[in-house]
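J.: If it helps, the file is called input_26.csv and holds CSV, C-alpha atoms:
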chain,number,residue,atom,x,y,z
Y,28,MET,CA,-33.2,65.0,33.2
Y,29,LYS,CA,-32.6,61.9,35.2
Y,30,HIS,CA,-33.0,59.6,32.2
Y,31,ALA,CA,-30.7,61.9,30.1
Y,32,LEU,CA,-28.0,61.6,32.8
Y,33,ASN,CA,-28.4,57.8,32.9
Y,34,TRP,CA,-28.1,57.6,29.1
Y,35,GLU,CA,-25.1,59.9,29.0
Y,36,SER,CA,-23.4,57.7,31.7
Y,37,ALA,CA,-24.1,54.6,29.6
Y,38,LEU,CA,-22.6,56.2,26.6
Y,39,ALA,CA,-19.5,57.2,28.6
Y,40,LEU,CA,-19.1,53.7,29.9
Y,41,LEU,CA,-19.6,52.3,26.4
Y,42,LEU,CA,-16.9,54.7,25.1
Y,43,VAL,CA,-14.4,53.5,27.7
Y,44,LEU,CA,-15.2,49.8,27.1
Y,45,GLU,CA,-14.7,50.1,23.4
Y,46,ILE,CA,-11.4,51.9,23.7
Y,47,LEU,CA,-10.2,49.2,26.2
Y,48,LEU,CA,-11.5,46.4,23.9
Y,49,PHE,CA,-9.7,47.8,20.8
Y,50,GLY,CA,-6.7,48.6,22.9
Y,51,TRP,CA,-6.5,44.9,23.9
Y,52,ALA,CA,-6.6,44.0,20.2
Y,53,ASN,CA,-4.2,46.8,19.1
Y,54,PRO,CA,-2.1,48.5,21.9
Y,55,ARG,CA,-1.8,51.6,19.7
Y,56,MET,CA,-5.5,52.4,20.6
Y,57,LEU,CA,-4.4,53.0,24.2
Y,58,ASN,CA,-1.9,55.6,23.2
Y,59,LEU,CA,-3.2,59.0,24.3
Y,60,GLU,CA,-1.6,60.8,21.4
Y,61,THR,CA,-3.1,58.4,18.9
Y,62,LEU,CA,-6.6,58.8,20.5
Y,63,LEU,CA,-6.4,62.6,20.4
Y,64,PHE,CA,-5.1,63.0,16.9
Y,65,SER,CA,-7.4,60.3,15.4
Y,66,THR,CA,-10.4,62.5,16.3
Y,67,SER,CA,-9.5,64.9,13.4
Y,68,ASP,CA,-10.7,62.2,11.0
Y,69,PHE,CA,-14.3,62.3,12.3
Y,70,ILE,CA,-14.8,65.2,14.7
Y,71,THR,CA,-16.5,67.4,12.1
Y,72,VAL,CA,-19.4,64.9,12.3
Y,73,GLY,CA,-19.9,66.2,15.9
Y,74,ILE,CA,-19.5,69.8,14.9
Y,75,VAL,CA,-22.7,69.7,12.7
Y,76,ALA,CA,-24.5,67.2,15.0
Y,77,LEU,CA,-24.4,69.6,18.0
Y,78,PRO,CA,-26.8,72.2,16.5
Y,79,LEU,CA,-28.7,69.5,14.7
Y,80,THR,CA,-29.6,68.1,18.2
Y,81,LEU,CA,-31.3,71.4,19.0
Y,82,VAL,CA,-33.3,71.3,15.7
Y,83,ILE,CA,-34.4,67.7,16.3
Y,84,VAL,CA,-35.4,68.4,19.9
Y,85,SER,CA,-37.5,71.3,18.6
Y,86,GLY,CA,-39.4,68.8,16.4
Y,87,GLY,CA,-37.7,69.6,13.2
Y,88,ILE,CA,-35.0,68.1,11.0
Y,89,ASP,CA,-32.3,69.4,8.6
Y,90,ILE,CA,-30.6,67.1,6.1
Y,91,SER,CA,-29.3,69.9,3.9
Y,92,PHE,CA,-26.2,70.6,6.0
Y,93,ALA,CA,-24.2,68.1,3.9
Y,94,SER,CA,-24.7,70.3,0.8
Y,95,VAL,CA,-24.2,73.5,2.8
Y,96,THR,CA,-20.8,72.2,3.9
Y,97,GLY,CA,-19.8,71.5,0.2
Y,98,LEU,CA,-21.1,74.9,-0.9
Y,99,CYS,CA,-19.2,76.8,1.8
Y,100,ALA,CA,-16.1,74.7,1.0
Y,101,ILE,CA,-16.2,75.7,-2.7
Y,102,ALA,CA,-16.9,79.3,-1.9
Y,103,LEU,CA,-13.9,79.3,0.5
Y,104,GLY,CA,-11.7,77.8,-2.2
Y,105,VAL,CA,-12.7,80.3,-4.7
Y,106,MET,CA,-12.0,83.2,-2.3
Y,107,LEU,CA,-8.6,81.8,-1.4
Y,108,GLN,CA,-7.8,81.3,-5.2
Y,109,SER,CA,-8.6,85.0,-5.6
Y,110,GLN,CA,-6.1,85.8,-2.8
Y,111,TRP,CA,-8.6,87.4,-0.5
Y,112,PRO,CA,-7.3,88.1,3.0
Y,113,LEU,CA,-7.7,85.0,5.2
Y,114,PRO,CA,-9.8,86.6,8.0
Y,115,LEU,CA,-12.2,88.0,5.4
Y,116,VAL,CA,-12.4,84.6,3.7
Y,117,LEU,CA,-13.3,82.9,7.0
Y,118,LEU,CA,-15.8,85.5,7.9
Y,119,CYS,CA,-17.6,85.3,4.5
Y,120,THR,CA,-17.7,81.5,4.7
Y,121,LEU,CA,-19.3,81.6,8.1
Y,122,ILE,CA,-21.8,84.2,6.9
Y,123,LEU,CA,-22.7,82.1,3.8
Y,124,GLY,CA,-23.4,79.1,6.0
Y,125,PHE,CA,-25.5,81.0,8.4
Y,126,LEU,CA,-27.5,82.5,5.6
Y,127,CYS,CA,-28.1,79.1,4.0
Y,128,GLY,CA,-29.4,77.9,7.4
Y,129,CYS,CA,-31.7,80.9,7.7
Y,130,PHE,CA,-33.0,80.3,4.2
Y,131,ASN,CA,-34.1,76.8,5.4
Y,132,GLY,CA,-35.7,78.3,8.4
Y,133,LEU,CA,-37.6,81.0,6.4
Y,134,LEU,CA,-38.9,78.4,4.0
Y,135,ILE,CA,-40.2,76.2,6.8
Y,136,ILE,CA,-41.8,79.2,8.6
Y,137,TRP,CA,-43.4,80.7,5.6
Y,138,THR,CA,-44.7,77.6,3.9
Y,139,GLY,CA,-45.5,75.4,6.9
Y,140,VAL,CA,-44.2,72.4,4.9
Y,141,ASN,CA,-42.6,69.5,6.7
Y,142,PRO,CA,-38.9,70.4,7.4
Y,143,LEU,CA,-37.8,67.1,6.0
Y,144,VAL,CA,-39.3,68.0,2.6
Y,145,ILE,CA,-37.9,71.5,2.6
Y,146,THR,CA,-34.4,70.5,3.6
Y,147,LEU,CA,-34.5,67.6,1.1
Y,148,GLY,CA,-35.1,70.2,-1.6
Y,149,THR,CA,-32.4,72.6,-0.4
Y,150,LEU,CA,-30.0,69.6,-0.1
Y,151,TYR,CA,-30.2,69.4,-3.9
Y,152,LEU,CA,-30.4,73.2,-4.3
Y,153,PHE,CA,-27.2,73.9,-2.3
Y,154,GLY,CA,-25.5,70.9,-3.8
Y,155,GLY,CA,-26.3,72.1,-7.3
Y,156,GLY,CA,-25.0,75.5,-6.4
Y,157,ALA,CA,-21.8,74.1,-5.1
Y,158,LEU,CA,-21.2,72.2,-8.4
Y,159,LEU,CA,-22.1,75.3,-10.5
Y,160,LEU,CA,-19.6,77.4,-8.5
Y,161,SER,CA,-17.0,74.7,-8.7
Y,162,GLY,CA,-17.4,74.6,-12.5
Y,163,LEU,CA,-17.1,78.4,-12.7
Y,164,ALA,CA,-13.9,78.2,-10.8
Y,165,GLY,CA,-12.5,75.7,-13.3
Y,166,ALA,CA,-12.9,72.6,-11.1
Y,167,THR,CA,-15.2,70.3,-13.1
Y,168,GLY,CA,-17.4,67.7,-11.5
Y,169,PHE,CA,-16.3,66.8,-7.9
Y,170,GLU,CA,-12.7,67.9,-8.6
Y,171,GLY,CA,-11.3,69.9,-5.7
Y,172,ILE,CA,-9.9,73.3,-5.4
Y,173,GLY,CA,-6.4,73.1,-3.8
Y,174,ASN,CA,-3.1,74.9,-3.5
Y,175,PHE,CA,-4.2,76.7,-0.4
Y,176,PRO,CA,-1.7,79.0,1.4
Y,177,ASP,CA,0.1,77.4,4.3
Y,178,THR,CA,-1.4,79.9,6.7
Y,179,PHE,CA,-4.8,78.3,6.1
Y,180,THR,CA,-3.8,74.6,6.0
Y,181,HIS,CA,-1.9,74.9,9.2
Y,182,LEU,CA,-5.1,75.9,11.0
Y,183,ALA,CA,-6.1,72.2,11.2
Y,184,ASN,CA,-2.7,71.1,12.5
Y,185,LEU,CA,-2.4,73.6,15.4
Y,186,THR,CA,-2.2,71.9,18.8
Y,187,PRO,CA,-2.9,74.5,21.5
Y,188,LEU,CA,-2.4,72.9,25.0
Y,189,GLY,CA,-1.4,69.7,23.2
Y,190,ILE,CA,-4.9,69.2,21.8
Y,191,PRO,CA,-5.6,69.1,18.1
Y,192,MET,CA,-7.4,72.3,17.0
Y,193,PRO,CA,-10.5,70.4,15.5
Y,194,LEU,CA,-11.0,68.5,18.8
Y,195,LEU,CA,-10.6,71.7,20.9
Y,196,LEU,CA,-13.1,73.5,18.7
Y,197,PHE,CA,-15.5,70.6,19.1
Y,198,ALA,CA,-15.2,70.8,22.9
Y,199,LEU,CA,-15.8,74.6,22.9
Y,200,LEU,CA,-18.8,74.2,20.7
Y,201,SER,CA,-20.2,71.5,22.9
Y,202,LEU,CA,-20.0,73.8,25.9
Y,203,VAL,CA,-21.6,76.6,24.0
Y,204,PHE,CA,-24.5,74.6,22.7
Y,205,TRP,CA,-24.9,72.8,26.1
Y,206,GLY,CA,-25.3,76.2,27.7
Y,207,LEU,CA,-27.7,77.4,25.1
Y,208,MET,CA,-29.9,74.4,25.4
Y,209,HIS,CA,-29.8,73.7,29.1
Y,210,ARG,CA,-29.1,77.1,30.7
Y,211,THR,CA,-31.0,79.7,28.7
Y,212,ARG,CA,-34.6,80.7,28.1
Y,213,THR,CA,-34.2,79.8,24.4
Y,214,GLY,CA,-33.3,76.3,25.5
Y,215,ARG,CA,-36.6,76.0,27.4
Y,216,TYR,CA,-38.4,77.3,24.3
Y,217,ILE,CA,-36.7,74.5,22.2
Y,218,PHE,CA,-38.0,71.8,24.5
Y,219,LEU,CA,-41.5,73.3,24.7
Y,220,LEU,CA,-41.7,73.6,21.0
Y,221,GLY,CA,-40.7,70.0,20.5
Y,222,GLN,CA,-43.2,68.8,23.1
Y,223,ASN,CA,-46.2,70.7,21.8
Y,224,SER,CA,-45.7,73.3,19.0
Y,225,CYS,CA,-49.4,74.4,19.2
Y,226,ALA,CA,-49.2,75.2,22.9
Y,227,ALA,CA,-45.9,77.0,22.3
Y,228,ARG,CA,-47.6,79.2,19.7
Y,229,TYR,CA,-50.7,79.8,21.9
Y,230,GLY,CA,-48.4,80.6,24.8
Y,231,ALA,CA,-46.9,83.5,22.8
Y,232,LEU,CA,-43.4,82.0,22.6
Y,233,PRO,CA,-41.1,83.4,19.9
Y,234,VAL,CA,-41.5,80.3,17.8
Y,235,ASN,CA,-40.5,81.7,14.4
Y,236,ARG,CA,-37.5,83.5,15.9
Y,237,THR,CA,-36.4,80.4,17.7
Y,238,LEU,CA,-36.7,78.2,14.5
Y,239,LEU,CA,-34.8,80.8,12.5
Y,240,LEU,CA,-32.0,80.8,15.0
Y,241,LEU,CA,-31.8,77.0,15.2
Y,242,TYR,CA,-31.6,76.4,11.4
Y,243,GLY,CA,-29.1,79.3,11.1
Y,244,LEU,CA,-26.9,77.7,13.7
Y,245,VAL,CA,-26.9,74.4,11.7
Y,246,GLY,CA,-25.8,76.4,8.6
Y,247,LEU,CA,-23.1,78.1,10.7
Y,248,ALA,CA,-21.8,74.8,12.0
Y,249,SER,CA,-21.8,73.4,8.5
Y,250,ALA,CA,-19.6,76.3,7.4
Y,251,ILE,CA,-17.2,75.7,10.4
Y,252,ALA,CA,-17.0,72.0,9.3
Y,253,ALA,CA,-16.2,73.2,5.8
Y,254,VAL,CA,-13.3,75.3,7.0
Y,255,VAL,CA,-11.9,72.5,9.2
Y,256,MET,CA,-12.2,69.8,6.5
Y,257,SER,CA,-10.8,72.0,3.8
Y,258,ALA,CA,-7.8,72.9,5.9
Y,259,TYR,CA,-7.3,69.3,7.1
Y,260,PHE,CA,-7.5,67.7,3.6
Y,261,GLY,CA,-5.8,70.7,1.8
Y,262,SER,CA,-8.6,70.9,-0.8
Y,263,ALA,CA,-12.2,72.0,-1.1
Y,264,ARG,CA,-14.8,69.9,-3.0
Y,265,ALA,CA,-18.5,70.1,-3.7
Y,266,ASP,CA,-19.0,66.7,-2.0
Y,267,LEU,CA,-17.0,67.4,1.1
Y,268,GLY,CA,-20.0,67.2,3.4
Y,269,SER,CA,-21.6,64.1,2.0
Y,270,PRO,CA,-19.9,61.7,4.5
Y,271,LEU,CA,-21.3,63.8,7.3
Y,272,LEU,CA,-25.0,63.2,6.6
Y,273,MET,CA,-25.8,59.8,8.1
Y,274,PRO,CA,-23.2,59.8,10.9
Y,275,ALA,CA,-24.4,63.2,12.2
Y,276,ILE,CA,-28.0,62.1,12.4
Y,277,THR,CA,-26.9,58.8,13.9
Y,278,ALA,CA,-24.9,60.7,16.6
Y,279,VAL,CA,-27.9,62.8,17.5
Y,280,VAL,CA,-30.3,59.8,17.8
Y,281,LEU,CA,-27.7,57.6,19.6
Y,282,GLY,CA,-27.0,60.6,21.9
Y,283,GLY,CA,-30.6,60.3,23.2
Y,284,ALA,CA,-32.6,62.8,21.1
Y,285,ASN,CA,-36.2,61.9,20.4
Y,286,ILE,CA,-36.6,62.0,16.6
Y,287,TYR,CA,-40.2,63.3,17.2
Y,288,GLY,CA,-38.9,66.2,19.3
Y,289,GLY,CA,-39.2,67.2,23.0
Y,290,ALA,CA,-36.2,65.4,24.4
Y,291,GLY,CA,-32.5,65.3,23.8
Y,292,SER,CA,-29.0,66.1,25.1
Y,293,VAL,CA,-26.1,68.0,23.7
Y,294,MET,CA,-23.6,66.1,25.9
Y,295,GLY,CA,-25.2,62.9,24.8
Y,296,THR,CA,-24.6,63.8,21.2
Y,297,ALA,CA,-21.0,64.7,21.9
Y,298,LEU,CA,-20.4,61.4,23.6
Y,299,ALA,CA,-22.2,59.5,20.8
Y,300,THR,CA,-19.9,61.2,18.3
Y,301,LEU,CA,-16.9,59.9,20.1
Y,302,VAL,CA,-18.4,56.4,20.4
Y,303,ILE,CA,-19.1,56.2,16.7
Y,304,GLY,CA,-15.8,57.8,15.7
Y,305,PHE,CA,-13.6,55.6,17.9
Y,306,LEU,CA,-15.7,52.5,16.8
Y,307,GLN,CA,-14.7,53.2,13.2
Y,308,GLN,CA,-11.1,54.0,14.1
Y,309,GLY,CA,-10.8,50.9,16.2
Y,310,LEU,CA,-12.3,48.6,13.6
Y,311,GLN,CA,-9.8,50.0,11.0
Y,312,MET,CA,-6.9,49.4,13.4
Y,313,VAL,CA,-7.8,45.7,13.8
Y,314,GLY,CA,-8.1,45.3,10.0
Y,315,VAL,CA,-11.9,45.3,9.6
Y,316,SER,CA,-13.1,46.6,6.2
Y,317,SER,CA,-15.1,49.8,6.0
Y,318,GLN,CA,-18.2,47.9,4.8
Y,319,VAL,CA,-18.3,45.7,7.9
Y,320,SER,CA,-17.6,48.7,10.2
Y,321,ASN,CA,-20.5,50.6,8.7
Y,322,ALA,CA,-22.8,47.6,9.3
Y,323,LEU,CA,-21.6,47.3,12.9
Y,324,SER,CA,-22.2,51.0,13.4
Y,325,GLY,CA,-25.7,50.6,12.2
Y,326,ALA,CA,-26.2,47.6,14.5
Y,327,LEU,CA,-24.9,49.7,17.4
Y,328,LEU,CA,-27.4,52.4,16.6
Y,329,ILE,CA,-30.3,49.9,16.5
Y,330,PHE,CA,-29.4,48.2,19.8
Y,331,ALA,CA,-28.7,51.6,21.5
Y,332,VAL,CA,-32.0,53.0,20.5
Y,333,ILE,CA,-33.9,49.9,21.7
Y,334,GLY,CA,-31.9,50.0,25.0
Y,335,ARG,CA,-32.7,53.7,25.5
Y,336,SER,CA,-36.4,53.0,24.8
Y,337,TRP,CA,-36.5,50.3,27.4
Y,338,SER,CA,-34.7,52.5,29.9
Y,339,LEU,CA,-37.3,55.2,29.4
Y,340,ASN,CA,-40.1,52.7,29.6
Y,341,PRO,CA,-39.1,49.9,32.0
Y,342,GLY,CA,-42.7,48.5,31.9
Y,343,ILE,CA,-42.3,47.6,28.3
Y,344,VAL,CA,-39.9,44.8,29.1
Y,345,ARG,CA,-42.3,43.3,31.6
Y,346,GLN,CA,-45.1,43.7,29.1
Y,347,MET,CA,-43.1,41.9,26.4
Y,348,TRP,CA,-42.3,39.1,28.8
Y,349,ARG,CA,-46.0,38.7,29.8
Y,350,ARG,CA,-47.0,38.5,26.1
Y,351,PHE,CA,-44.3,35.9,25.4
Y,352,ARG,CA,-45.5,33.8,28.3
Y,353,ALA,CA,-49.1,34.1,27.2
Y,354,ARG,CA,-48.3,33.0,23.7
Y,355,ILE,CA,-46.5,29.9,25.0
Y,356,ALA,CA,-49.4,29.1,27.3
Y,357,ARG,CA,-51.9,29.2,24.4
Y,358,ARG,CA,-49.9,26.7,22.3
Y,359,PRO,CA,-51.1,23.0,22.4
Y,360,ALA,CA,-49.3,20.8,24.9
Y,361,SER,CA,-48.1,18.4,22.2
Y,362,TYR,CA,-46.5,21.4,20.3
Y,363,ARG,CA,-44.8,22.7,23.5
Y,364,GLU,CA,-43.4,19.2,24.4
Y,365,SER,CA,-42.0,18.7,20.9
For the file at hand, write its structure as structure tokens.

T.:
Amino acid sequence: MKHALNWESALALLLVLEILLFGWANPRMLNLETLLFSTSDFITVGIVALPLTLVIVSGGIDISFASVTGLCAIALGVMLQSQWPLPLVLLCTLILGFLCGCFNGLLIIWTGVNPLVITLGTLYLFGGGALLLSGLAGATGFEGIGNFPDTFTHLANLTPLGIPMPLLLFALLSLVFWGLMHRTRTGRYIFLLGQNSCAARYGALPVNRTLLLLYGLVGLASAIAAVVMSAYFGSARADLGSPLLMPAITAVVLGGANIYGGAGSVMGTALATLVIGFLQQGLQMVGVSSQVSNALSGALLIFAVIGRSWSLNPGIVRQMWRRFRARIARRPASYRES
């Protein structure tokens, strides 16, 4: 817990420093309204990354959420085209996403196959389903379904308490998942499952029920992201979730989650989402191309993971220094002098 708090503090400091740095280069970055409303461009990454944190802490992985988002978006578009009542459309979309996540969980539980392999398969399965449904709706290829009613598209533009709706939703979901992970018995099961799955099973913990819940929550969050993105862009496409895949996994790892399970932090993921998002926004504001900004984001991830590894194991730095000195000492004197 102490290491998690230290890492979260480092991420918060990094977030403040990057905003100040980009604000020095472009004063618009220091405008509070600009900061708040720019989050709508990337906050859906955090919405799917929050439950993904729980899955990774449990020792699993889910990469199918990108296709689940696209499938839910197309299903939502088809229902809106058919003039279904908006509350029913939203409810059915959320149920579809939850069922897709539960399908992943059931396959993993029943087959015992590595979650990466299962969700890689369902990534293509759900993606193909989204394209098929899109074709049946008359939108060929990756063409979007649009002409949504204003009552739906205005959802993404609401500003309760002066805060954009997507950001407010992200904040509420962060609190919900933080409470689930760190203040409930289910949260303790998640950590125990990630630390030692065999011991969790022998200890009569509800392993299957917990896994089913976690993967279902990832599917539900994917459906929420589909609703937010469809309302924000004014169209639903089969590839709507593709840009979420790598940034969401990066946010989880950068937020402090151990990719092998057993450790992680929801608040760390939330902060990492903002760090990555504002990094992209800041680089765009100073005129850096998207290719360079993606490379810099990857470099940030590498250095952050190395830094966190060193913070968790301070002795490794001393060990590396001793090895370096030993190698220098073993070299011939003439080589060292040259």

J.: When you look at region 129-144 of chain Y with a cut-off of 10 Å (counting only C-alpha atoms), what residues show up, excluding the ones that are within fewer than 4 positions of it in the same chain? I need them as a list in words.

T.: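 Listing them by chain and then by number gives Gly86, Gly87, Ile88, Asp89, Ile90, Ser91, Leu123, Gly124, Phe125, Gly148, Thr149, Leu150, Val234, Asn235, Arg236, Thr237, Leu238, Leu239, Leu240, Leu241, Tyr242, Gly243, Leu244, Val245, Gly246 and Leu247 of chain Y.
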
J.: Fewer than 5 positions away in the same chain doesn't count, so skip those; otherwise give me all residues within 9 Å of Ile251 (chain Y), counting only C-alpha atoms, as a compact mmCIF listing (two decimals) with C-alpha atoms, in the frame of the given file.

T.:
# COMPACT_ATOMS: atom_id res chain seq x y z
CA THR Y 71 -16.50 67.40 12.10
CA ILE Y 74 -19.50 69.80 14.90
CA VAL Y 75 -22.70 69.70 12.70
CA THR Y 96 -20.80 72.20 3.90
CA CYS Y 99 -19.20 76.80 1.80
CA LEU Y 117 -13.30 82.90 7.00
CA THR Y 120 -17.70 81.50 4.70
CA LEU Y 121 -19.30 81.60 8.10
CA GLY Y 124 -23.40 79.10 6.00
CA GLY Y 246 -25.80 76.40 8.60
CA MET Y 256 -12.20 69.80 6.50

J.: Could you check which of Y:Gly128, Y:Leu115, Y:Phe64, Y:Ala322 is closest to Leu310 (chain Y), using all atoms listed in the file?

T.: Y:Ala322

J.: What does the distance from CA of Thr300 (chain Y) to CA of Leu77 (chain Y) come to in Å, to one decimal?

T.: 9.5 Å

J.: Report, in Å to a single decimal, how far apart CA of Ala226 (chain Y) and CA of Gly288 (chain Y) are.

T.: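 Pair CA of Gly288 (chain Y) / CA of Ala226 (chain Y) returns 14.1 Å.
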
J.: List as a PyMOL selection string the protein and nucleic acid residues near Leu298 (chain Y), meaning an atom at most 8 Å away when only C-alpha atoms are counted, but skip any in the same chain fewer than 5 places from it.

T.: chain Y and resi 35+38-39+42+282

J.: Find the distance between CA of Asn321 (chain Y) and CA of Ser262 (chain Y) and write it in Å to one decimal.

T.: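 A separation of 25.4 Å between them.
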
J.: Between Y:Arg210, Y:Gln222, Y:Phe330, Y:Tyr259, which residue has the minimum interatomic distance to Asp177 (chain Y), considering only C-alpha atoms?

T.: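 Ranking Y:Arg210, Y:Gln222, Y:Phe330, Y:Tyr259 by distance to Asp177 (chain Y), first place goes to Y:Tyr259.
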
J.: Fewer than 2 positions away in the same chain doesn't count, so skip those; otherwise give me all residues within 10 Å of region 54-61 of chain Y, counting only C-alpha atoms, as a PDB file with C-alpha atoms, keeping the file's coordinate frame.

T.:
ATOM      1  CA  GLU Y  45     -14.700  50.100  23.400  1.00  0.00           C
ATOM      2  CA  ILE Y  46     -11.400  51.900  23.700  1.00  0.00           C
ATOM      3  CA  LEU Y  47     -10.200  49.200  26.200  1.00  0.00           C
ATOM      4  CA  LEU Y  48     -11.500  46.400  23.900  1.00  0.00           C
ATOM      5  CA  PHE Y  49      -9.700  47.800  20.800  1.00  0.00           C
ATOM      6  CA  GLY Y  50      -6.700  48.600  22.900  1.00  0.00           C
ATOM      7  CA  TRP Y  51      -6.500  44.900  23.900  1.00  0.00           C
ATOM      8  CA  ALA Y  52      -6.600  44.000  20.200  1.00  0.00           C
ATOM      9  CA  LEU Y  63      -6.400  62.600  20.400  1.00  0.00           C
ATOM     10  CA  PHE Y  64      -5.100  63.000  16.900  1.00  0.00           C
ATOM     11  CA  SER Y  65      -7.400  60.300  15.400  1.00  0.00           C
ATOM     12  CA  THR Y  66     -10.400  62.500  16.300  1.00  0.00           C
ATOM     13  CA  GLY Y 189      -1.400  69.700  23.200  1.00  0.00           C
ATOM     14  CA  ILE Y 190      -4.900  69.200  21.800  1.00  0.00           C
ATOM     15  CA  PRO Y 191      -5.600  69.100  18.100  1.00  0.00           C
ATOM     16  CA  PHE Y 305     -13.600  55.600  17.900  1.00  0.00           C
ATOM     17  CA  GLN Y 308     -11.100  54.000  14.100  1.00  0.00           C
ATOM     18  CA  GLY Y 309     -10.800  50.900  16.200  1.00  0.00           C
ATOM     19  CA  MET Y 312      -6.900  49.400  13.400  1.00  0.00           C
ATOM     20  CA  VAL Y 313      -7.800  45.700  13.800  1.00  0.00           C
TER      21      VAL Y 313
END
